[in-house]
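Following: one structure in structure tokens, then a few remarks.
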Amino acid sequence: MTLGKPPVLLGMLALAVALLAGHLPLAAFDAGRIRILSDPNLDVIYHTLAHFNLPGDPFNLFSEDYVRRMDRAKRDLEVGETRLDREAAALEQHYRQHPRLRFLIRAPFLADDLSSFRQALALIDYDFRTRTVPAGGRGKLRKEPLMFGNSRRMIPVFRNHFQAPQERAFAKRFAGCLEEEHSRFYMLYREARSEWDRQGVEWFTGFWKSRGMSILEPWAARSGVTRFKVFLTPVMKGRGLGVAVEQGGEVLFHVLTPLPESRREAMDSFFALLHETVRRSTDGLAVFAGPAEPPDRDSLSSGGRRNAALVAGHLYLKARFPGVHQSYLSFFLKLPAGKASEVQSLEPLLARRFPLDPASRRRVEALVARLP
């Protein structure tokens, strides 16, 4: 989980920038600017978050059976019950009650390493003036601890986002669960499945080299991104997560996408990457009826942005890569693998399930028409 110099999390690109970029000529995108990675130190954060499942919530990134599979893995490895297992239900309740805790989904990309991320959460109450941290019980203080690399930078970030006492209490408990889960279970689990992980990476890179890069290239070229880091993770299922970070005048785009469990799923993992990349160009095209557009790309009211990207990908693949078009529709419609359906029947279903107003659709169609 190495991201270099201290970055600043970007908001979404302004609408004016997105529209301007649509009229600029596109240069060929250097494939060397996109790295395909696997990082268990990053995955364990999302593994821990996966225990706070929010069905129907746009922040829910994980498969419904993930925790059950991890329980089975712990039995197979004879790990026994962990602190996360004991405290998950209580932490989930707080996670539901305090929406600002969803910042933890994007925060890992602000840290240079897992240790700094975890320690900054654990020391969120650290007082830089007195160089002490409350130890609990009648205001007792603990002297300045030895800090990892970027903990000092991350502590103010977390304190700014988690201002309520309940949020900070959650942060410290989360850090404790994360530390034990990593040392007692997750390192052992990933070592045990290392060959399977390598196979998943090979399946994805095989599709990437044969077709994926050529499909993604026009969208990558107009994304405003300097470098991509694509993390294949076994934690996620069915969707991806894109986080842009500005660093030294560059825009680094980190995308989590599911690690494929079969050669067929490599294409699905790519579709999740494609969708997150397309959103770099289409988020500014969605038209909102209210007085202002939703501030958060993942808020419940921002479904129009997601739908705009889905429709853009659909139109683009239909016109330029029809060989994968039906698979794209099936993936986002969550149809069972191998289900016999004609594209003609899937397109109306996509339109019903992911509606897009006429004004937004015209903008999306115009954008796709300009792509090479």
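Residues are named by chain letter and number: chains run A, B, ... in the order of the structure tokens, numbers start at 1 in each chain, and ligands are numbered from 1 in the order shown.
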
Under the rule of at most 12 Å, produce a per-residue listing of stretch 89-112 of chain A near stretch 172-175 of chain A: chain, number, name, the closest pair of atoms, and the distance in Å, as CSV, using only C-alpha atoms.
```
residue,atom,partner,partner_atom,distance
A:Ala90,CA,A:Arg173,CA,10.4
A:Leu91,CA,A:Phe174,CA,7.9
A:Glu92,CA,A:Phe174,CA,10.5
A:His94,CA,A:Phe174,CA,11.0
A:Tyr95,CA,A:Phe174,CA,10.4
A:Leu101,CA,A:Phe174,CA,10.6
A:Leu104,CA,A:Phe174,CA,10.0
```

May I have the selected residues written with C-alpha atoms, as a short mmCIF file (atom, residue, chain, number, x, y, z; two decimals), in the first residue's frame?
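Result file is part03.cif:
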```cif
data_model
loop_
_atom_site.label_atom_id
_atom_site.label_comp_id
_atom_site.auth_asym_id
_atom_site.auth_seq_id
_atom_site.Cartn_x
_atom_site.Cartn_y
_atom_site.Cartn_z
CA ALA A 90 -21.74 -3.59 17.80
CA LEU A 91 -19.42 -1.84 15.35
CA GLU A 92 -21.88 -2.38 12.51
CA HIS A 94 -22.38 2.45 14.99
CA TYR A 95 -21.32 2.30 11.34
CA LEU A 101 -17.55 6.75 9.06
CA LEU A 104 -12.89 4.80 5.85
#
```

Residue neighbourhood A:Ser151, 8 Å, only C-alpha atoms, exclusion window fewer than 4 positions, as a PDB file with N, CA and C atoms, in the first residue's frame:
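What ended up in result06.pdb:
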```pdb
ATOM      1  N   SER A 116       0.682   2.976   9.285  1.00  0.00           N
ATOM      2  CA  SER A 116       0.332   4.374   9.537  1.00  0.00           C
ATOM      3  C   SER A 116      -1.172   4.571   9.560  1.00  0.00           C
ATOM      4  N   PHE A 117      -1.870   3.904   8.658  1.00  0.00           N
ATOM      5  CA  PHE A 117      -3.324   3.994   8.605  1.00  0.00           C
ATOM      6  C   PHE A 117      -3.930   3.529   9.919  1.00  0.00           C
ATOM      7  N   GLN A 119      -2.414   3.056  12.903  1.00  0.00           N
ATOM      8  CA  GLN A 119      -1.979   3.796  14.077  1.00  0.00           C
ATOM      9  C   GLN A 119      -2.638   5.164  14.167  1.00  0.00           C
ATOM     10  N   ALA A 120      -2.849   5.811  13.031  1.00  0.00           N
ATOM     11  CA  ALA A 120      -3.497   7.124  13.049  1.00  0.00           C
ATOM     12  C   ALA A 120      -4.922   7.022  13.578  1.00  0.00           C
ATOM     13  N   MET A 147       5.775   6.743  16.563  1.00  0.00           N
ATOM     14  CA  MET A 147       4.826   6.755  15.450  1.00  0.00           C
ATOM     15  C   MET A 147       5.453   6.248  14.162  1.00  0.00           C
ATOM     16  N   ILE A 155      -3.332  11.620  11.412  1.00  0.00           N
ATOM     17  CA  ILE A 155      -4.138  11.879  12.604  1.00  0.00           C
ATOM     18  C   ILE A 155      -5.034  13.103  12.421  1.00  0.00           C
TER      19      ILE A 155
END
```

Residue among A:Leu273, A:Leu77, A:Ala266, A:Ala366 lying closest to A:Ile215, counting only C-alpha atoms
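That would be A:Leu273, the residue with the smallest distance to A:Ile215.
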
Need the shell around A:Val368: protein/DNA/RNA residues with any atom at most 8 Å away, counting only C-alpha atoms. Skip same-chain ones fewer than 2 positions apart. Format as an mmCIF file with N, CA and C atoms, in the first residue's frame?
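So out.cif came out as:
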```cif
data_model
loop_
_atom_site.group_PDB
_atom_site.id
_atom_site.type_symbol
_atom_site.label_atom_id
_atom_site.label_comp_id
_atom_site.auth_asym_id
_atom_site.auth_seq_id
_atom_site.Cartn_x
_atom_site.Cartn_y
_atom_site.Cartn_z
ATOM 1 N N ALA A 312 -23.121 5.014 -20.794
ATOM 2 C CA ALA A 312 -21.987 5.351 -21.657
ATOM 3 C C ALA A 312 -21.201 4.095 -22.027
ATOM 4 N N LEU A 315 -23.314 2.050 -24.596
ATOM 5 C CA LEU A 315 -23.307 2.603 -25.951
ATOM 6 C C LEU A 315 -21.950 2.436 -26.622
ATOM 7 N N TYR A 316 -20.900 2.623 -25.837
ATOM 8 C CA TYR A 316 -19.533 2.531 -26.352
ATOM 9 C C TYR A 316 -19.220 1.109 -26.815
ATOM 10 N N VAL A 364 -24.514 12.099 -22.795
ATOM 11 C CA VAL A 364 -23.726 10.879 -22.831
ATOM 12 C C VAL A 364 -23.537 10.401 -24.276
ATOM 13 N N GLU A 365 -24.601 10.427 -25.048
ATOM 14 C CA GLU A 365 -24.510 9.996 -26.453
ATOM 15 C C GLU A 365 -23.530 10.861 -27.236
ATOM 16 N N ALA A 366 -23.540 12.174 -26.976
ATOM 17 C CA ALA A 366 -22.619 13.073 -27.661
ATOM 18 C C ALA A 366 -21.173 12.769 -27.272
ATOM 19 N N ARG A 370 -17.977 11.168 -29.784
ATOM 20 C CA ARG A 370 -16.692 11.837 -30.027
ATOM 21 C C ARG A 370 -15.492 10.942 -29.766
ATOM 22 N N LEU A 371 -15.702 9.809 -29.115
ATOM 23 C CA LEU A 371 -14.575 8.940 -28.815
ATOM 24 C C LEU A 371 -14.060 8.259 -30.078
#
```

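Residue neighbourhood of A:Phe354, excluding near-sequence residues (fewer than 4 positions): Gly303, Gly304, Arg306, Asn307, Ala308, Leu310, Val311, Leu349 and Leu350 of chain A, at 9 Å, using only C-alpha atoms.
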
Please dump the current selection as a PDB file, in the first residue's frame; keep C-alpha atoms.
```
ATOM      1  CA  GLY A 303     -27.637   7.350  -8.888  1.00  0.00           C
ATOM      2  CA  GLY A 304     -27.829   9.508 -12.000  1.00  0.00           C
ATOM      3  CA  ARG A 306     -23.757   5.859 -11.865  1.00  0.00           C
ATOM      4  CA  ASN A 307     -26.435   5.389 -14.510  1.00  0.00           C
ATOM      5  CA  ALA A 308     -24.750   7.859 -16.863  1.00  0.00           C
ATOM      6  CA  LEU A 310     -23.392   2.530 -17.211  1.00  0.00           C
ATOM      7  CA  VAL A 311     -25.202   3.883 -20.261  1.00  0.00           C
ATOM      8  CA  LEU A 349     -33.926  -4.181 -19.048  1.00  0.00           C
ATOM      9  CA  LEU A 350     -30.831  -2.002 -18.540  1.00  0.00           C
TER      10      LEU A 350
END
```

Contacts of A:Arg102 at 10 Å or less, counting only C-alpha atoms, minus same-chain residues fewer than 5 places along, as a count of residues only?
7
